[in-house]
>>> print(open('upload-v8.txt').read())   # compact mmCIF, C-alpha atoms
# COMPACT_ATOMS: atom_id res chain seq x y z
CA ARG A 185 109.66 116.81 95.57
CA THR A 186 109.37 115.74 99.16
CA PRO A 187 112.27 117.05 101.28
CA GLY A 188 114.87 114.43 102.02
CA PHE A 189 114.52 112.40 98.82
CA GLU A 190 118.16 113.10 98.05
CA GLN A 191 118.80 110.23 100.48
CA LEU A 192 116.78 107.71 98.48
CA GLY A 193 118.66 105.08 96.54
CA ARG A 194 121.25 104.22 99.20
CA PRO A 195 121.55 100.72 100.68
CA LEU A 196 119.04 99.92 103.41
CA ALA A 197 121.64 98.27 105.61
CA THR A 198 123.89 101.30 105.93
CA ARG A 199 121.78 104.45 105.61
CA ARG A 200 118.29 105.77 106.09
CA ILE A 201 116.96 106.06 102.56
CA ALA A 202 113.67 107.85 102.94
CA PRO A 203 112.53 110.69 105.13
CA LEU A 204 110.42 110.03 108.17
CA PRO A 205 106.81 111.02 107.57
CA ALA A 206 106.33 114.71 108.24
CA LYS A 207 104.32 115.77 111.28
CA GLY A 208 100.68 115.50 110.43
CA THR A 209 101.29 112.74 107.86
CA VAL A 210 98.99 109.82 108.33
CA VAL A 211 100.81 106.52 108.62
CA ARG A 212 98.63 103.81 107.08
CA PRO A 213 99.65 100.36 108.34
CA ARG A 214 97.04 98.61 106.17
CA LEU A 215 98.68 99.98 103.01
CA LEU A 216 102.17 99.19 104.27
CA LYS A 217 101.06 95.57 104.80
CA LEU A 218 99.59 95.53 101.29
CA LEU A 219 102.99 96.59 99.90
CA ASP A 220 104.76 94.05 102.12
CA ARG A 221 102.56 91.23 100.77
CA GLY A 222 103.23 92.36 97.20
CA ALA A 223 107.01 92.49 97.66
CA ASP A 224 107.37 88.84 96.67
CA ARG A 225 106.09 89.65 93.17
CA SER A 226 108.28 91.12 90.46
CA PHE A 227 106.08 94.18 89.80
CA THR A 228 104.09 96.45 92.08
CA LEU A 229 101.89 99.11 90.52
CA VAL A 230 100.80 102.05 92.68
CA SER A 231 98.33 103.85 90.44
CA ALA A 232 96.12 106.73 91.58
CA PRO A 233 95.42 110.39 90.74
CA ALA A 234 97.71 113.25 91.74
CA GLY A 235 97.72 114.02 95.45
CA SER A 236 96.65 110.52 96.48
CA GLY A 237 99.79 109.95 98.53
CA LYS A 238 101.63 107.45 96.30
CA THR A 239 105.11 108.87 96.86
CA GLU A 240 104.56 109.36 100.58
CA LEU A 241 103.26 105.80 100.93
CA LEU A 242 106.31 104.36 99.19
CA ALA A 243 108.65 106.51 101.29
CA GLN A 244 106.95 105.25 104.46
CA TRP A 245 107.16 101.66 103.25
CA ILE A 246 110.89 101.97 102.61
CA GLU A 247 111.45 103.75 105.92
CA SER A 248 109.52 101.01 107.74
CA GLY A 249 111.95 98.39 106.40
CA GLY A 250 109.26 96.73 104.30
CA ALA A 251 111.33 96.68 101.13
CA PRO A 252 112.89 93.22 100.74
CA GLY A 253 116.36 94.59 99.91
CA PRO A 254 118.29 97.70 98.85
CA VAL A 255 116.16 100.31 97.08
CA ALA A 256 117.07 102.38 94.04
CA TRP A 257 114.70 105.36 93.79
CA ALA A 258 114.41 107.06 90.39
CA PRO A 259 112.19 110.17 90.35
CA LEU A 260 111.11 110.60 86.74
CA ALA A 261 110.44 113.69 84.61
CA ARG A 262 109.24 114.32 81.06
CA ASP A 263 112.80 114.16 79.69
CA HIS A 264 112.93 110.51 80.74
CA SER A 265 110.90 109.77 77.59
CA ASP A 266 114.38 109.63 76.05
CA PRO A 267 115.38 106.01 76.82
CA HIS A 268 119.07 106.92 77.10
CA ARG A 269 118.29 109.52 79.77
CA LEU A 270 116.00 107.11 81.62
CA TRP A 271 118.57 104.30 81.69
CA ALA A 272 121.41 106.65 82.66
CA ASP A 273 119.43 107.80 85.71
CA VAL A 274 118.18 104.31 86.56
CA VAL A 275 121.72 102.92 86.48
CA ALA A 276 122.92 105.81 88.66
CA SER A 277 120.16 104.99 91.18
CA LEU A 278 120.97 101.29 91.06
CA GLY A 279 124.66 102.12 91.56
CA ALA A 280 123.81 104.10 94.70
CA ALA A 281 121.77 101.15 96.00
CA HIS A 282 124.17 98.31 95.20
CA ASP A 283 127.89 98.17 94.49
CA ALA A 284 127.37 95.77 91.58
CA PHE A 285 125.99 98.66 89.53
CA ALA A 286 128.54 101.25 90.62
CA THR A 287 130.86 100.47 87.71
CA LEU A 288 128.19 99.95 85.04
CA ALA A 289 128.65 102.70 82.46
CA ALA A 290 125.78 104.88 81.30
CA PRO A 291 124.08 103.68 78.13
CA PRO A 292 125.83 104.56 74.88
CA ARG A 293 123.99 106.39 72.12
CA GLY A 294 122.36 104.08 69.63
CA GLU A 295 120.91 100.62 70.14
CA LEU A 296 120.03 99.91 73.78
CA ARG A 297 119.45 96.15 73.68
CA PRO A 298 123.10 95.27 74.55
CA PHE A 299 122.98 97.78 77.41
CA ARG A 300 119.69 96.40 78.76
CA THR A 301 121.22 92.94 78.55
CA SER A 302 124.18 94.14 80.66
CA VAL A 303 121.69 95.45 83.25
CA ILE A 304 120.04 91.99 83.36
CA ASN A 305 123.43 90.28 83.62
CA THR A 306 124.44 92.58 86.48
CA LEU A 307 121.14 91.87 88.27
CA SER A 308 121.84 88.15 87.88
CA GLY A 309 125.10 88.60 89.77
CA VAL A 310 123.44 90.28 92.76
CA ASP A 311 122.91 87.87 95.65
CA GLU A 312 120.00 89.68 97.26
CA VAL A 313 116.68 91.21 96.26
CA LEU A 314 117.05 94.63 94.62
CA VAL A 315 114.11 97.04 94.38
CA LEU A 316 113.81 99.76 91.73
CA VAL A 317 111.18 102.44 92.36
CA LEU A 318 110.15 104.50 89.32
CA ASP A 319 108.25 107.49 90.72
CA ASP A 320 105.94 109.48 88.40
CA LEU A 321 106.09 106.92 85.59
CA GLN A 322 103.18 108.69 83.86
CA LEU A 323 105.64 111.43 82.82
CA VAL A 324 107.41 109.02 80.48
CA GLY A 325 105.39 109.60 77.33
CA SER A 326 107.40 107.39 75.01
CA ALA A 327 105.94 103.98 74.20
CA GLU A 328 109.45 102.83 73.21
CA THR A 329 110.84 103.70 76.64
CA ILE A 330 107.96 101.95 78.42
CA ARG A 331 108.55 98.87 76.23
CA ASP A 332 112.21 98.95 77.34
CA VAL A 333 111.08 98.93 80.98
CA GLY A 334 108.74 96.03 80.18
CA TRP A 335 111.56 94.12 78.49
CA VAL A 336 113.77 94.44 81.56
CA LEU A 337 110.87 93.36 83.79
CA ASP A 338 110.19 90.33 81.57
CA ASN A 339 113.84 89.27 81.46
CA ALA A 340 115.05 90.19 84.94
CA PRO A 341 116.06 87.47 87.39
CA ALA A 342 113.88 86.51 90.35
CA ASN A 343 115.76 88.86 92.73
CA PHE A 344 114.54 92.02 90.93
CA ARG A 345 111.49 93.99 92.04
CA LEU A 346 110.08 96.93 90.09
CA VAL A 347 107.73 99.35 91.85
CA ALA A 348 106.02 102.01 89.71
CA ALA A 349 104.13 104.98 91.11
CA THR A 350 101.96 106.57 88.44
CA ARG A 351 98.79 108.55 87.82
CA SER A 352 97.75 106.23 85.00
CA ASP A 353 98.47 102.64 84.07
CA PRO A 354 101.63 102.26 82.00
CA LEU A 355 101.58 100.55 78.62
CA LEU A 356 103.02 97.37 80.06
CA ARG A 357 101.42 93.95 79.64
CA LEU A 358 99.54 94.28 82.91
CA GLN A 359 96.99 91.53 82.25
CA ARG A 360 99.76 89.06 81.48
CA LEU A 361 101.55 90.02 84.71
CA GLN A 362 98.30 89.63 86.66
CA VAL A 363 97.51 86.21 85.18
CA ALA A 364 101.06 85.04 85.90
CA GLU A 365 100.66 86.33 89.48
CA ARG A 366 103.77 88.49 89.06
CA MET A 367 102.01 91.76 89.89
CA SER A 368 100.57 93.41 92.96
CA GLU A 369 98.51 96.58 92.89
CA VAL A 370 97.67 99.55 95.07
CA ARG A 371 94.90 101.57 93.46
CA ALA A 372 93.05 104.81 94.14
CA ALA A 373 90.37 102.91 96.07
CA ASP A 374 93.06 101.51 98.38
CA LEU A 375 94.57 104.97 98.97
CA ALA A 376 91.21 106.67 99.58
CA PHE A 377 90.31 107.52 103.17
>>> encode(input="upload-v8.txt", output="structure tokens")
Amino acid sequence: RTPGFEQLGRPLATRRIAPLPAKGTVVRPRLLKLLDRGADRSFTLVSAPAGSGKTELLAQWIESGGAPGPVAWAPLARDHSDPHRLWADVVASLGAAHDAFATLAAPPRGELRPFRTSVINTLSGVDEVLVLVLDDLQLVGSAETIRDVGWVLDNAPANFRLVAATRSDPLLRLQRLQVAERMSEVRAADLAF
């Protein structure tokens, strides 16, 4: 992981949440503007092969103040295929970004629908835009877990933004999101020099 990511997930207004680009890192204003324009849509997909600079781009975007509200950053791993693990870490990240989630308990074992509903209800009580970044979404190999993410995206209030950085497109209903103009994209061609 990039040094300094332990700071991600804290409210924008009170703390720096992403590291400054390292010396020698290329700042790409065109891509930052592309992310800024997409921030009014509920889902932003940053999809490109390994080493394309997805994580660095998102860190620069957050550092630049482009995110429309507090950011919860959830770096994912293979064990996040377990939906309980994924939601426990997502709620912890959301709790670090916004006080409304600080008291939301981790998901119980068993059926997750009531828990996901409590996440939606908590989002509905937030009076500002809240951004959730799922970094390395390709590592979540469970179709069930990806469907859970899609369900939250479909049912979340208008103040929720999901940003996914991934090496391959997730099994979400991307065409439906595109047609509904709820999705923005940054692809390998955009990231290429």
>>> residues_around(input="upload-v8.txt", residues="range 363-371 of chain A", least_positions_apart="4", cutoff="12 Å", atoms="all atoms listed in the file", output="ChimeraX atom specification")
/A:214-233,236-238,241-242,337-338,342,344-353,356-359,375-376
>>> closest_residue(input="upload-v8.txt", among="A:Ala290, A:Val303, A:Val255, A:Ala373", to="Ala272 in chain A", atoms="only C-alpha atoms")
A:Ala290
>>> residues_near_point(input="upload-v8.txt", point="(113.4, 98.5, 77.2)", cutoff="9 Å", atoms="only C-alpha atoms", output="list in words")
Pro267, Trp271, Leu296, Arg297, Arg300, Glu328, Thr329, Ile330, Arg331, Asp332, Val333, Gly334, Trp335, Val336 and Leu337 of chain A
>>> atom_distance(input="upload-v8.txt", atom1="CA of Gly309 in chain A", atom2="CA of Asn343 in chain A")
9.8 Å
>>> residues_near_point(input="upload-v8.txt", point="(128.7, 94.8, 96.1)", cutoff="12 Å", atoms="all atoms listed in the file", output="ChimeraX atom specification")
/A:195,254,278-287,306-307,309-312,314
>>> atom_distance(input="upload-v8.txt", atom1="CA of Leu288 in chain A", atom2="CA of Ser308 in chain A")
13.7 Å
>>> atom_distance(input="upload-v8.txt", atom1="CA of Asn339 in chain A", atom2="CA of Thr239 in chain A")
26.4 Å
>>> build_atoms(input="upload-v8.txt", residues="range 237-271 of chain A", atoms="N, CA and C atoms", output="PDB file, in the coordinates of the input")
ATOM      1  N   GLY A 237      98.842 110.389  97.515  1.00  0.00           N
ATOM      2  CA  GLY A 237      99.790 109.950  98.530  1.00  0.00           C
ATOM      3  C   GLY A 237     100.663 108.781  98.100  1.00  0.00           C
ATOM      4  N   LYS A 238     100.828 108.576  96.804  1.00  0.00           N
ATOM      5  CA  LYS A 238     101.630 107.450  96.300  1.00  0.00           C
ATOM      6  C   LYS A 238     103.082 107.544  96.749  1.00  0.00           C
ATOM      7  N   THR A 239     103.696 108.687  96.509  1.00  0.00           N
ATOM      8  CA  THR A 239     105.110 108.870  96.860  1.00  0.00           C
ATOM      9  C   THR A 239     105.311 108.775  98.359  1.00  0.00           C
ATOM     10  N   GLU A 240     104.455 109.400  99.115  1.00  0.00           N
ATOM     11  CA  GLU A 240     104.560 109.360 100.580  1.00  0.00           C
ATOM     12  C   GLU A 240     104.402 107.933 101.098  1.00  0.00           C
ATOM     13  N   LEU A 241     103.455 107.195 100.526  1.00  0.00           N
ATOM     14  CA  LEU A 241     103.260 105.800 100.930  1.00  0.00           C
ATOM     15  C   LEU A 241     104.517 104.977 100.679  1.00  0.00           C
ATOM     16  N   LEU A 242     105.105 105.125  99.502  1.00  0.00           N
ATOM     17  CA  LEU A 242     106.310 104.360  99.190  1.00  0.00           C
ATOM     18  C   LEU A 242     107.478 104.762 100.089  1.00  0.00           C
ATOM     19  N   ALA A 243     107.592 106.051 100.384  1.00  0.00           N
ATOM     20  CA  ALA A 243     108.650 106.510 101.290  1.00  0.00           C
ATOM     21  C   ALA A 243     108.459 105.903 102.686  1.00  0.00           C
ATOM     22  N   GLN A 244     107.228 105.848 103.161  1.00  0.00           N
ATOM     23  CA  GLN A 244     106.950 105.250 104.460  1.00  0.00           C
ATOM     24  C   GLN A 244     107.248 103.748 104.458  1.00  0.00           C
ATOM     25  N   TRP A 245     106.904 103.095 103.367  1.00  0.00           N
ATOM     26  CA  TRP A 245     107.160 101.660 103.250  1.00  0.00           C
ATOM     27  C   TRP A 245     108.657 101.374 103.313  1.00  0.00           C
ATOM     28  N   ILE A 246     109.439 102.150 102.596  1.00  0.00           N
ATOM     29  CA  ILE A 246     110.890 101.970 102.610  1.00  0.00           C
ATOM     30  C   ILE A 246     111.438 102.267 104.006  1.00  0.00           C
ATOM     31  N   GLU A 247     110.985 103.368 104.578  1.00  0.00           N
ATOM     32  CA  GLU A 247     111.450 103.750 105.920  1.00  0.00           C
ATOM     33  C   GLU A 247     111.099 102.691 106.960  1.00  0.00           C
ATOM     34  N   SER A 248     109.958 102.021 106.781  1.00  0.00           N
ATOM     35  CA  SER A 248     109.520 101.010 107.740  1.00  0.00           C
ATOM     36  C   SER A 248     110.331  99.719 107.638  1.00  0.00           C
ATOM     37  N   GLY A 249     111.169  99.609 106.597  1.00  0.00           N
ATOM     38  CA  GLY A 249     111.950  98.390 106.400  1.00  0.00           C
ATOM     39  C   GLY A 249     111.189  97.324 105.632  1.00  0.00           C
ATOM     40  N   GLY A 250     110.068  97.706 105.028  1.00  0.00           N
ATOM     41  CA  GLY A 250     109.260  96.730 104.300  1.00  0.00           C
ATOM     42  C   GLY A 250     109.860  96.271 102.985  1.00  0.00           C
ATOM     43  N   ALA A 251     110.712  97.080 102.390  1.00  0.00           N
ATOM     44  CA  ALA A 251     111.330  96.680 101.130  1.00  0.00           C
ATOM     45  C   ALA A 251     112.215  95.459 101.377  1.00  0.00           C
ATOM     46  N   PRO A 252     112.172  94.466 100.487  1.00  0.00           N
ATOM     47  CA  PRO A 252     112.890  93.220 100.740  1.00  0.00           C
ATOM     48  C   PRO A 252     114.403  93.283 100.501  1.00  0.00           C
ATOM     49  N   GLY A 253     114.928  94.441 100.146  1.00  0.00           N
ATOM     50  CA  GLY A 253     116.360  94.590  99.910  1.00  0.00           C
ATOM     51  C   GLY A 253     116.686  96.036  99.622  1.00  0.00           C
ATOM     52  N   PRO A 254     117.908  96.321  99.167  1.00  0.00           N
ATOM     53  CA  PRO A 254     118.290  97.700  98.850  1.00  0.00           C
ATOM     54  C   PRO A 254     117.340  98.302  97.812  1.00  0.00           C
ATOM     55  N   VAL A 255     117.107  99.601  97.944  1.00  0.00           N
ATOM     56  CA  VAL A 255     116.160 100.310  97.080  1.00  0.00           C
ATOM     57  C   VAL A 255     116.883 101.360  96.252  1.00  0.00           C
ATOM     58  N   ALA A 256     116.610 101.334  94.956  1.00  0.00           N
ATOM     59  CA  ALA A 256     117.070 102.380  94.040  1.00  0.00           C
ATOM     60  C   ALA A 256     115.827 103.201  93.684  1.00  0.00           C
ATOM     61  N   TRP A 257     115.848 104.482  94.017  1.00  0.00           N
ATOM     62  CA  TRP A 257     114.700 105.360  93.790  1.00  0.00           C
ATOM     63  C   TRP A 257     115.023 106.281  92.616  1.00  0.00           C
ATOM     64  N   ALA A 258     114.207 106.224  91.576  1.00  0.00           N
ATOM     65  CA  ALA A 258     114.410 107.060  90.390  1.00  0.00           C
ATOM     66  C   ALA A 258     113.193 107.957  90.194  1.00  0.00           C
ATOM     67  N   PRO A 259     113.288 109.228  90.607  1.00  0.00           N
ATOM     68  CA  PRO A 259     112.190 110.170  90.350  1.00  0.00           C
ATOM     69  C   PRO A 259     112.234 110.564  88.872  1.00  0.00           C
ATOM     70  N   LEU A 260     111.129 110.389  88.177  1.00  0.00           N
ATOM     71  CA  LEU A 260     111.110 110.600  86.740  1.00  0.00           C
ATOM     72  C   LEU A 260     110.540 111.971  86.367  1.00  0.00           C
ATOM     73  N   ALA A 261     110.911 112.422  85.167  1.00  0.00           N
ATOM     74  CA  ALA A 261     110.440 113.690  84.610  1.00  0.00           C
ATOM     75  C   ALA A 261     110.144 113.450  83.123  1.00  0.00           C
ATOM     76  N   ARG A 262     109.604 114.457  82.482  1.00  0.00           N
ATOM     77  CA  ARG A 262     109.240 114.320  81.060  1.00  0.00           C
ATOM     78  C   ARG A 262     110.443 113.968  80.183  1.00  0.00           C
ATOM     79  N   ASP A 263     111.640 114.456  80.527  1.00  0.00           N
ATOM     80  CA  ASP A 263     112.800 114.160  79.690  1.00  0.00           C
ATOM     81  C   ASP A 263     113.242 112.697  79.793  1.00  0.00           C
ATOM     82  N   HIS A 264     112.626 111.932  80.671  1.00  0.00           N
ATOM     83  CA  HIS A 264     112.930 110.510  80.740  1.00  0.00           C
ATOM     84  C   HIS A 264     112.206 109.725  79.640  1.00  0.00           C
ATOM     85  N   SER A 265     111.445 110.418  78.782  1.00  0.00           N
ATOM     86  CA  SER A 265     110.900 109.770  77.590  1.00  0.00           C
ATOM     87  C   SER A 265     112.034 109.347  76.662  1.00  0.00           C
ATOM     88  N   ASP A 266     113.177 110.033  76.775  1.00  0.00           N
ATOM     89  CA  ASP A 266     114.380 109.630  76.050  1.00  0.00           C
ATOM     90  C   ASP A 266     114.942 108.403  76.774  1.00  0.00           C
ATOM     91  N   PRO A 267     114.944 107.230  76.122  1.00  0.00           N
ATOM     92  CA  PRO A 267     115.380 106.010  76.820  1.00  0.00           C
ATOM     93  C   PRO A 267     116.819 106.087  77.326  1.00  0.00           C
ATOM     94  N   HIS A 268     117.684 106.803  76.641  1.00  0.00           N
ATOM     95  CA  HIS A 268     119.070 106.920  77.100  1.00  0.00           C
ATOM     96  C   HIS A 268     119.138 107.686  78.421  1.00  0.00           C
ATOM     97  N   ARG A 269     118.343 108.732  78.526  1.00  0.00           N
ATOM     98  CA  ARG A 269     118.290 109.520  79.770  1.00  0.00           C
ATOM     99  C   ARG A 269     117.714 108.674  80.908  1.00  0.00           C
ATOM    100  N   LEU A 270     116.624 107.957  80.603  1.00  0.00           N
ATOM    101  CA  LEU A 270     116.000 107.110  81.620  1.00  0.00           C
ATOM    102  C   LEU A 270     117.002 106.088  82.148  1.00  0.00           C
ATOM    103  N   TRP A 271     117.679 105.361  81.248  1.00  0.00           N
ATOM    104  CA  TRP A 271     118.570 104.300  81.690  1.00  0.00           C
ATOM    105  C   TRP A 271     119.812 104.851  82.370  1.00  0.00           C
TER     106      TRP A 271
END
